[in-house]
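S.K.: Structure file my_file_31.tsv (TSV, C-alpha atoms) is given on the next line.
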```
chain	number	residue	atom	x	y	z
A	98	MET	CA	-60.69	-91.39	-58.95
A	99	SER	CA	-63.33	-88.66	-59.15
A	100	LYS	CA	-62.57	-85.44	-61.02
A	101	LYS	CA	-62.03	-82.30	-58.95
A	102	VAL	CA	-63.79	-79.34	-60.52
A	103	GLY	CA	-63.40	-75.78	-59.39
A	104	VAL	CA	-66.67	-73.84	-59.20
A	105	LEU	CA	-65.92	-70.12	-59.24
A	106	LEU	CA	-68.70	-68.05	-57.69
A	107	ALA	CA	-69.20	-64.28	-57.82
A	108	GLY	CA	-71.22	-63.78	-54.65
A	109	CYS	CA	-74.86	-64.71	-54.03
A	110	GLY	CA	-77.78	-63.30	-56.00
A	111	VAL	CA	-78.53	-62.78	-59.68
A	112	TYR	CA	-78.25	-58.98	-59.75
A	113	ASP	CA	-75.00	-58.52	-57.83
A	114	GLY	CA	-73.46	-61.98	-57.36
A	115	ALA	CA	-73.67	-65.56	-58.62
A	116	GLU	CA	-77.00	-66.68	-60.06
A	117	ILE	CA	-78.15	-69.05	-57.34
A	118	HIS	CA	-80.06	-71.52	-59.54
A	119	GLU	CA	-77.13	-71.79	-61.94
A	120	ALA	CA	-74.68	-72.33	-59.09
A	121	VAL	CA	-76.81	-75.00	-57.40
A	122	LEU	CA	-77.56	-76.78	-60.68
A	123	THR	CA	-73.83	-76.87	-61.39
A	124	LEU	CA	-73.13	-78.43	-58.00
A	125	LEU	CA	-76.00	-80.90	-58.42
A	126	SER	CA	-74.83	-82.06	-61.84
A	127	LEU	CA	-71.24	-82.45	-60.66
A	128	GLN	CA	-72.29	-84.61	-57.71
A	129	GLN	CA	-74.68	-86.71	-59.79
A	130	ARG	CA	-71.85	-87.37	-62.25
A	131	GLY	CA	-69.43	-88.40	-59.51
A	132	ALA	CA	-67.21	-85.32	-59.52
A	133	GLU	CA	-65.99	-83.35	-56.52
A	134	ALA	CA	-66.79	-79.63	-56.51
A	135	VAL	CA	-64.16	-77.27	-55.12
A	136	ILE	CA	-66.08	-74.06	-54.50
A	137	THR	CA	-64.16	-70.81	-54.55
A	138	ALA	CA	-64.63	-67.05	-54.82
A	139	PRO	CA	-62.43	-63.96	-54.66
A	140	ASN	CA	-62.06	-62.38	-51.22
A	141	LYS	CA	-63.03	-58.81	-52.14
A	142	GLU	CA	-65.89	-56.36	-51.85
A	143	GLN	CA	-68.74	-56.61	-54.34
A	144	ALA	CA	-69.06	-53.87	-56.95
A	145	HIS	CA	-72.33	-52.95	-55.22
A	146	VAL	CA	-75.31	-54.52	-53.46
A	147	ILE	CA	-78.70	-54.73	-55.18
A	148	ASN	CA	-82.07	-54.99	-53.43
A	149	HIS	CA	-83.49	-58.05	-55.17
A	150	VAL	CA	-87.07	-56.90	-54.51
A	151	THR	CA	-86.80	-53.39	-55.97
A	152	GLY	CA	-83.71	-53.70	-58.18
A	153	GLU	CA	-82.22	-50.61	-56.53
A	154	VAL	CA	-78.63	-50.17	-55.37
A	155	MET	CA	-78.36	-50.32	-51.57
A	156	SER	CA	-76.10	-48.25	-49.36
A	157	GLU	CA	-74.12	-51.15	-47.91
A	158	SER	CA	-71.16	-53.33	-48.86
A	159	ARG	CA	-70.77	-57.10	-48.95
A	160	ASN	CA	-67.84	-59.43	-49.49
A	161	VAL	CA	-67.90	-61.75	-52.52
A	162	LEU	CA	-66.35	-64.71	-50.66
A	163	VAL	CA	-68.63	-64.33	-47.64
A	164	GLU	CA	-71.73	-64.10	-49.83
A	165	ALA	CA	-70.69	-67.05	-52.00
A	166	ALA	CA	-70.25	-69.10	-48.82
A	167	ARG	CA	-74.05	-68.97	-48.44
A	168	ILE	CA	-74.39	-71.13	-51.55
A	169	ALA	CA	-71.45	-73.34	-50.54
A	170	ARG	CA	-72.94	-73.89	-47.06
A	171	GLY	CA	-69.63	-72.61	-45.69
A	172	LYS	CA	-67.46	-75.11	-47.57
A	173	ILE	CA	-65.54	-72.62	-49.68
A	174	THR	CA	-61.92	-71.68	-50.38
A	175	ASP	CA	-60.54	-68.20	-50.96
A	176	LEU	CA	-59.57	-67.92	-54.64
A	177	ALA	CA	-56.10	-66.79	-53.57
A	178	GLU	CA	-55.58	-70.20	-51.93
A	179	ILE	CA	-56.68	-72.34	-54.88
A	180	ASP	CA	-53.94	-74.42	-56.52
A	181	PRO	CA	-54.80	-75.03	-60.19
A	182	ASN	CA	-52.66	-78.18	-60.07
A	183	ASP	CA	-55.30	-79.72	-57.80
A	184	LEU	CA	-58.13	-79.15	-60.30
A	185	ASP	CA	-59.13	-81.20	-63.33
A	186	ALA	CA	-61.54	-78.57	-64.67
A	187	LEU	CA	-63.18	-75.24	-63.83
A	188	VAL	CA	-66.76	-73.96	-64.17
A	189	LEU	CA	-68.03	-70.37	-63.88
A	190	PRO	CA	-71.77	-70.01	-63.22
A	191	GLY	CA	-73.32	-66.73	-64.31
A	192	GLY	CA	-75.29	-63.98	-62.66
A	193	PHE	CA	-74.45	-60.30	-62.95
A	194	GLY	CA	-71.74	-60.80	-60.32
A	195	ALA	CA	-69.71	-62.58	-62.98
A	196	ALA	CA	-69.87	-59.35	-65.00
A	197	LYS	CA	-69.40	-57.06	-61.99
A	198	ASN	CA	-67.15	-58.87	-59.50
A	199	LEU	CA	-65.17	-61.40	-61.56
A	200	CYS	CA	-64.68	-58.76	-64.22
A	201	ASN	CA	-66.12	-55.31	-64.92
A	202	PHE	CA	-67.86	-56.08	-68.22
A	203	ALA	CA	-71.17	-54.74	-66.87
A	204	PHE	CA	-69.62	-51.31	-66.43
A	205	GLU	CA	-66.93	-51.12	-69.12
A	206	GLY	CA	-68.13	-53.27	-72.05
A	207	THR	CA	-65.32	-53.82	-74.54
A	208	GLY	CA	-62.96	-51.96	-72.19
A	209	MET	CA	-63.49	-54.63	-69.53
A	210	GLU	CA	-60.77	-56.01	-67.29
A	211	VAL	CA	-60.84	-59.36	-65.49
A	212	ASP	CA	-60.09	-59.66	-61.77
A	213	GLY	CA	-56.42	-60.58	-61.37
A	214	GLY	CA	-57.03	-63.77	-59.41
A	215	VAL	CA	-59.70	-64.92	-61.85
A	216	ALA	CA	-57.48	-64.19	-64.85
A	217	SER	CA	-54.54	-66.02	-63.25
A	218	LEU	CA	-56.58	-69.16	-62.51
A	219	ILE	CA	-58.07	-69.30	-66.01
A	220	THR	CA	-54.69	-68.67	-67.64
A	221	ILE	CA	-53.01	-71.47	-65.70
A	222	MET	CA	-55.89	-73.89	-66.36
A	223	ARG	CA	-55.49	-73.17	-70.08
A	224	GLU	CA	-51.72	-73.62	-69.94
A	225	GLN	CA	-52.34	-77.02	-68.35
A	226	ASN	CA	-54.85	-77.89	-71.10
A	227	LYS	CA	-57.73	-78.30	-68.65
A	228	PRO	CA	-61.34	-77.64	-69.67
A	229	ILE	CA	-63.35	-74.63	-68.52
A	230	GLY	CA	-67.14	-74.24	-68.55
A	231	PHE	CA	-68.71	-70.80	-68.86
A	232	ILE	CA	-72.40	-70.32	-68.05
A	233	CYS	CA	-74.83	-67.46	-68.83
A	234	ILE	CA	-72.97	-64.10	-68.91
A	235	SER	CA	-69.60	-65.50	-67.81
A	236	PRO	CA	-68.51	-66.33	-71.41
A	237	THR	CA	-67.64	-62.63	-71.68
A	238	ILE	CA	-64.63	-63.51	-69.52
A	239	ALA	CA	-63.65	-66.21	-72.02
A	240	ALA	CA	-63.95	-63.67	-74.82
A	241	LYS	CA	-61.54	-61.35	-73.03
A	242	LEU	CA	-58.96	-63.94	-72.00
A	243	ILE	CA	-59.07	-66.52	-74.82
A	244	PRO	CA	-58.50	-64.97	-78.26
A	245	GLY	CA	-60.63	-66.55	-80.99
A	246	VAL	CA	-62.70	-68.69	-78.62
A	247	THR	CA	-66.03	-70.03	-79.89
A	248	LEU	CA	-68.84	-69.69	-77.36
A	249	THR	CA	-72.54	-69.11	-76.78
A	250	MET	CA	-74.71	-66.84	-74.68
A	251	GLY	CA	-77.85	-67.96	-76.49
A	252	ALA	CA	-79.37	-65.36	-78.79
A	253	ALA	CA	-77.56	-62.35	-80.18
A	254	CYS	CA	-77.60	-59.42	-77.74
A	255	ASP	CA	-75.43	-56.54	-76.49
A	256	ALA	CA	-73.21	-59.00	-74.61
A	257	THR	CA	-72.59	-61.12	-77.70
A	258	GLU	CA	-71.68	-57.99	-79.67
A	259	VAL	CA	-69.05	-57.17	-77.04
A	260	ALA	CA	-67.75	-60.75	-77.10
A	261	GLU	CA	-67.39	-60.62	-80.87
A	262	ALA	CA	-65.72	-57.21	-80.67
A	263	LEU	CA	-63.17	-58.84	-78.35
A	264	GLY	CA	-62.48	-61.49	-80.98
A	265	ALA	CA	-64.76	-64.34	-79.89
A	266	LYS	CA	-66.99	-66.28	-82.27
A	267	HIS	CA	-70.58	-66.45	-81.04
A	268	THR	CA	-72.94	-69.29	-81.89
A	269	VAL	CA	-76.70	-68.95	-81.39
A	270	THR	CA	-78.28	-71.73	-79.30
A	271	ASP	CA	-81.44	-72.38	-77.32
A	272	VAL	CA	-81.42	-72.71	-73.53
A	273	ALA	CA	-80.61	-76.45	-73.67
A	274	GLY	CA	-77.79	-75.99	-76.14
A	275	THR	CA	-74.06	-75.90	-75.50
A	276	VAL	CA	-71.08	-74.97	-77.63
A	277	VAL	CA	-67.87	-76.97	-77.30
A	278	ASP	CA	-64.66	-75.31	-78.48
A	279	ALA	CA	-62.45	-78.39	-78.57
A	280	GLU	CA	-59.35	-76.44	-79.54
A	281	HIS	CA	-59.49	-74.22	-76.46
A	282	LYS	CA	-61.28	-76.80	-74.26
A	283	VAL	CA	-64.06	-74.31	-73.52
A	284	VAL	CA	-67.73	-75.27	-73.10
A	285	SER	CA	-70.48	-72.68	-72.78
A	286	THR	CA	-74.25	-72.53	-72.36
A	287	SER	CA	-76.75	-69.67	-72.16
A	288	ALA	CA	-78.72	-70.63	-69.00
A	289	TYR	CA	-80.63	-67.56	-67.77
A	290	MET	CA	-79.46	-65.47	-70.71
A	291	MET	CA	-82.31	-67.42	-72.36
A	292	GLY	CA	-84.31	-68.85	-69.45
A	293	PRO	CA	-87.15	-68.84	-68.75
A	294	TRP	CA	-86.99	-70.88	-65.53
A	295	VAL	CA	-85.07	-73.41	-63.53
A	296	ALA	CA	-86.02	-76.65	-65.33
A	297	ASP	CA	-85.13	-75.13	-68.70
A	298	VAL	CA	-81.79	-73.85	-67.44
A	299	ALA	CA	-81.01	-77.21	-65.83
A	300	ARG	CA	-80.89	-78.99	-69.19
A	301	GLY	CA	-78.11	-76.84	-70.63
A	302	ILE	CA	-76.07	-76.78	-67.43
A	303	ASP	CA	-76.20	-80.56	-67.01
A	304	LYS	CA	-75.14	-81.00	-70.62
A	305	LEU	CA	-72.26	-78.54	-70.11
A	306	ILE	CA	-71.03	-80.37	-67.01
A	307	GLY	CA	-71.08	-83.68	-68.88
A	308	GLU	CA	-69.04	-82.20	-71.70
A	309	VAL	CA	-66.56	-80.52	-69.35
A	310	LEU	CA	-65.98	-83.80	-67.52
A	311	GLU	CA	-65.56	-85.65	-70.81
A	312	LEU	CA	-62.88	-83.15	-71.88
A	313	ALA	CA	-61.18	-83.64	-68.51
```
What would the structure in this file look like if it were written as structure tokens?

M.R.:
Amino acid sequence: MSKKVGVLLAGCGVYDGAEIHEAVLTLLSLQQRGAEAVITAPNKEQAHVINHVTGEVMSESRNVLVEAARIARGKITDLAEIDPNDLDALVLPGGFGAAKNLCNFAFEGTGMEVDGGVASLITIMREQNKPIGFICISPTIAAKLIPGVTLTMGAACDATEVAEALGAKHTVTDVAGTVVDAEHKVVSTSAYMMGPWVADVARGIDKLIGEVLELA
């Protein structure tokens, strides 16, 4: 029987939602490895909307679930309706939406809080001893929710300083590298925290998916 893996998206677009390349590479690797992706996102308004041409904040609002459905081609489930008992593992692609919509790390730093639905899902997955993959900036969520977790976001940066201040142990890696915390069943990779482009990012994400499925 194929593994069912939750893929938790934060919208659609690197600056205000899920990083699209990272999300698609996650889905590609899962399918190529014979796993079933269960795509989900919280049904809430984004923190803000960014013009991806200019980088400026726009005067409009968008819904995280509706935007994430663009990547899922409409096959998506509201996070509130996800049953952790149905999942064998969970993966969180990055993008600034992970730091703005799934939590508020981008605005609050070490004072960050995680979205209630996101925190609940991760907590239950951990209680059930199921593996979780964190990609790019999303390991900040692991740092907040999993005391003492070992993770990577690539090179040392402001985000890794916050993660360490929250009690995480950061390991430096290149873009193709992953860190496996076997004790907490957490796998992480830097992806576009290191870049520089899609083929480079693909190597680390595919390795992460393989390791998550092995832990499952």

S.K.: From the options A:Met291, A:Leu124, A:Ala262, A:Val309, which residue's atoms come nearest to Ala279 of chain A, counting only C-alpha atoms?

M.R.: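 Smallest distance to Ala279 of chain A is found for A:Val309.
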
S.K.: Using Å and a single decimal, report how far atom CA of Leu199 of chain A sits from atom CA of Ile243 of chain A.

M.R.: 15.5 Å

S.K.: Name the closest residue to Gly264 of chain A among the candidates A:Pro244, A:Gly114, A:Pro236, A:Gly108; distances are taken between atoms, counting only C-alpha atoms.

M.R.: A:Pro244

S.K.: Please determine, counting only C-alpha atoms, which residue among A:Gly307, A:Gly103, A:Gly230, A:Gly251 has the shortest atom-to-atom distance to Ser285 of chain A.

M.R.: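 Checking each of A:Gly307, A:Gly103, A:Gly230, A:Gly251 against Ser285 of chain A, counting only C-alpha atoms, the winner is A:Gly230.
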
S.K.: Take atom CA of Glu157 of chain A and atom CA of Cys109 of chain A and report the distance between them in Å, one decimal.

M.R.: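 Result for atom CA of Glu157 of chain A versus atom CA of Cys109 of chain A: 14.9 Å, one decimal.
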
S.K.: Would you mind completing segment 267-298 of chain A so that it carries N, CA and C atoms, and writing it out as an mmCIF file, in the coordinates of the input?

M.R.:
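Output file selection_13.cif follows:
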```
data_model
loop_
_atom_site.group_PDB
_atom_site.id
_atom_site.type_symbol
_atom_site.label_atom_id
_atom_site.label_comp_id
_atom_site.auth_asym_id
_atom_site.auth_seq_id
_atom_site.Cartn_x
_atom_site.Cartn_y
_atom_site.Cartn_z
ATOM 1 N N HIS A 267 -69.357 -66.086 -81.751
ATOM 2 C CA HIS A 267 -70.580 -66.450 -81.040
ATOM 3 C C HIS A 267 -71.471 -67.335 -81.878
ATOM 4 N N THR A 268 -72.006 -68.378 -81.244
ATOM 5 C CA THR A 268 -72.940 -69.290 -81.890
ATOM 6 C C THR A 268 -74.287 -69.206 -81.188
ATOM 7 N N VAL A 269 -75.354 -69.026 -81.954
ATOM 8 C CA VAL A 269 -76.700 -68.950 -81.390
ATOM 9 C C VAL A 269 -77.176 -70.350 -80.987
ATOM 10 N N THR A 270 -77.724 -70.469 -79.777
ATOM 11 C CA THR A 270 -78.280 -71.730 -79.300
ATOM 12 C C THR A 270 -79.562 -71.459 -78.517
ATOM 13 N N ASP A 271 -80.322 -72.522 -78.249
ATOM 14 C CA ASP A 271 -81.440 -72.380 -77.320
ATOM 15 C C ASP A 271 -80.937 -72.662 -75.909
ATOM 16 N N VAL A 272 -81.843 -72.616 -74.926
ATOM 17 C CA VAL A 272 -81.420 -72.710 -73.530
ATOM 18 C C VAL A 272 -80.792 -74.069 -73.202
ATOM 19 N N ALA A 273 -81.159 -75.113 -73.933
ATOM 20 C CA ALA A 273 -80.610 -76.450 -73.670
ATOM 21 C C ALA A 273 -79.333 -76.716 -74.437
ATOM 22 N N GLY A 274 -78.945 -75.764 -75.287
ATOM 23 C CA GLY A 274 -77.790 -75.990 -76.140
ATOM 24 C C GLY A 274 -76.476 -75.627 -75.475
ATOM 25 N N THR A 275 -75.418 -76.233 -75.933
ATOM 26 C CA THR A 275 -74.060 -75.900 -75.500
ATOM 27 C C THR A 275 -73.197 -75.740 -76.747
ATOM 28 N N VAL A 276 -72.084 -75.061 -76.572
ATOM 29 C CA VAL A 276 -71.080 -74.970 -77.630
ATOM 30 C C VAL A 276 -69.763 -75.464 -77.046
ATOM 31 N N VAL A 277 -69.156 -76.414 -77.726
ATOM 32 C CA VAL A 277 -67.870 -76.970 -77.300
ATOM 33 C C VAL A 277 -66.790 -76.470 -78.249
ATOM 34 N N ASP A 278 -65.841 -75.719 -77.725
ATOM 35 C CA ASP A 278 -64.660 -75.310 -78.480
ATOM 36 C C ASP A 278 -63.553 -76.279 -78.099
ATOM 37 N N ALA A 279 -63.395 -77.327 -78.902
ATOM 38 C CA ALA A 279 -62.450 -78.390 -78.570
ATOM 39 C C ALA A 279 -61.012 -77.894 -78.580
ATOM 40 N N GLU A 280 -60.718 -76.952 -79.454
ATOM 41 C CA GLU A 280 -59.350 -76.440 -79.540
ATOM 42 C C GLU A 280 -58.929 -75.766 -78.241
ATOM 43 N N HIS A 281 -59.819 -74.959 -77.682
ATOM 44 C CA HIS A 281 -59.490 -74.220 -76.460
ATOM 45 C C HIS A 281 -59.993 -74.924 -75.192
ATOM 46 N N LYS A 282 -60.681 -76.067 -75.376
ATOM 47 C CA LYS A 282 -61.280 -76.800 -74.260
ATOM 48 C C LYS A 282 -62.203 -75.901 -73.429
ATOM 49 N N VAL A 283 -63.074 -75.195 -74.144
ATOM 50 C CA VAL A 283 -64.060 -74.310 -73.520
ATOM 51 C C VAL A 283 -65.457 -74.800 -73.897
ATOM 52 N N VAL A 284 -66.326 -74.922 -72.885
ATOM 53 C CA VAL A 284 -67.730 -75.270 -73.100
ATOM 54 C C VAL A 284 -68.575 -74.145 -72.546
ATOM 55 N N SER A 285 -69.623 -73.757 -73.263
ATOM 56 C CA SER A 285 -70.480 -72.680 -72.780
ATOM 57 C C SER A 285 -71.954 -73.007 -73.017
ATOM 58 N N THR A 286 -72.807 -72.391 -72.212
ATOM 59 C CA THR A 286 -74.250 -72.530 -72.360
ATOM 60 C C THR A 286 -74.916 -71.250 -71.882
ATOM 61 N N SER A 287 -76.113 -70.982 -72.404
ATOM 62 C CA SER A 287 -76.750 -69.670 -72.160
ATOM 63 C C SER A 287 -77.439 -69.552 -70.810
ATOM 64 N N ALA A 288 -77.995 -70.656 -70.285
ATOM 65 C CA ALA A 288 -78.720 -70.630 -69.000
ATOM 66 C C ALA A 288 -79.723 -69.471 -68.952
ATOM 67 N N TYR A 289 -79.624 -68.609 -67.927
ATOM 68 C CA TYR A 289 -80.630 -67.560 -67.770
ATOM 69 C C TYR A 289 -80.450 -66.382 -68.732
ATOM 70 N N MET A 290 -79.461 -66.425 -69.608
ATOM 71 C CA MET A 290 -79.460 -65.470 -70.710
ATOM 72 C C MET A 290 -80.661 -65.758 -71.626
ATOM 73 N N MET A 291 -81.140 -67.018 -71.587
ATOM 74 C CA MET A 291 -82.310 -67.420 -72.360
ATOM 75 C C MET A 291 -83.498 -67.757 -71.469
ATOM 76 N N GLY A 292 -83.242 -68.482 -70.367
ATOM 77 C CA GLY A 292 -84.310 -68.850 -69.450
ATOM 78 C C GLY A 292 -85.295 -69.845 -70.076
ATOM 79 N N PRO A 293 -86.582 -69.814 -69.669
ATOM 80 C CA PRO A 293 -87.150 -68.840 -68.750
ATOM 81 C C PRO A 293 -87.118 -69.216 -67.273
ATOM 82 N N TRP A 294 -86.918 -70.516 -66.946
ATOM 83 C CA TRP A 294 -86.990 -70.880 -65.530
ATOM 84 C C TRP A 294 -86.118 -72.077 -65.260
ATOM 85 N N VAL A 295 -86.114 -72.525 -64.028
ATOM 86 C CA VAL A 295 -85.070 -73.410 -63.530
ATOM 87 C C VAL A 295 -84.974 -74.733 -64.289
ATOM 88 N N ALA A 296 -86.079 -75.364 -64.632
ATOM 89 C CA ALA A 296 -86.020 -76.650 -65.330
ATOM 90 C C ALA A 296 -85.413 -76.497 -66.715
ATOM 91 N N ASP A 297 -85.697 -75.387 -67.370
ATOM 92 C CA ASP A 297 -85.130 -75.130 -68.700
ATOM 93 C C ASP A 297 -83.620 -74.957 -68.607
ATOM 94 N N VAL A 298 -83.207 -74.138 -67.653
ATOM 95 C CA VAL A 298 -81.790 -73.850 -67.440
ATOM 96 C C VAL A 298 -81.020 -75.111 -67.065
#
```
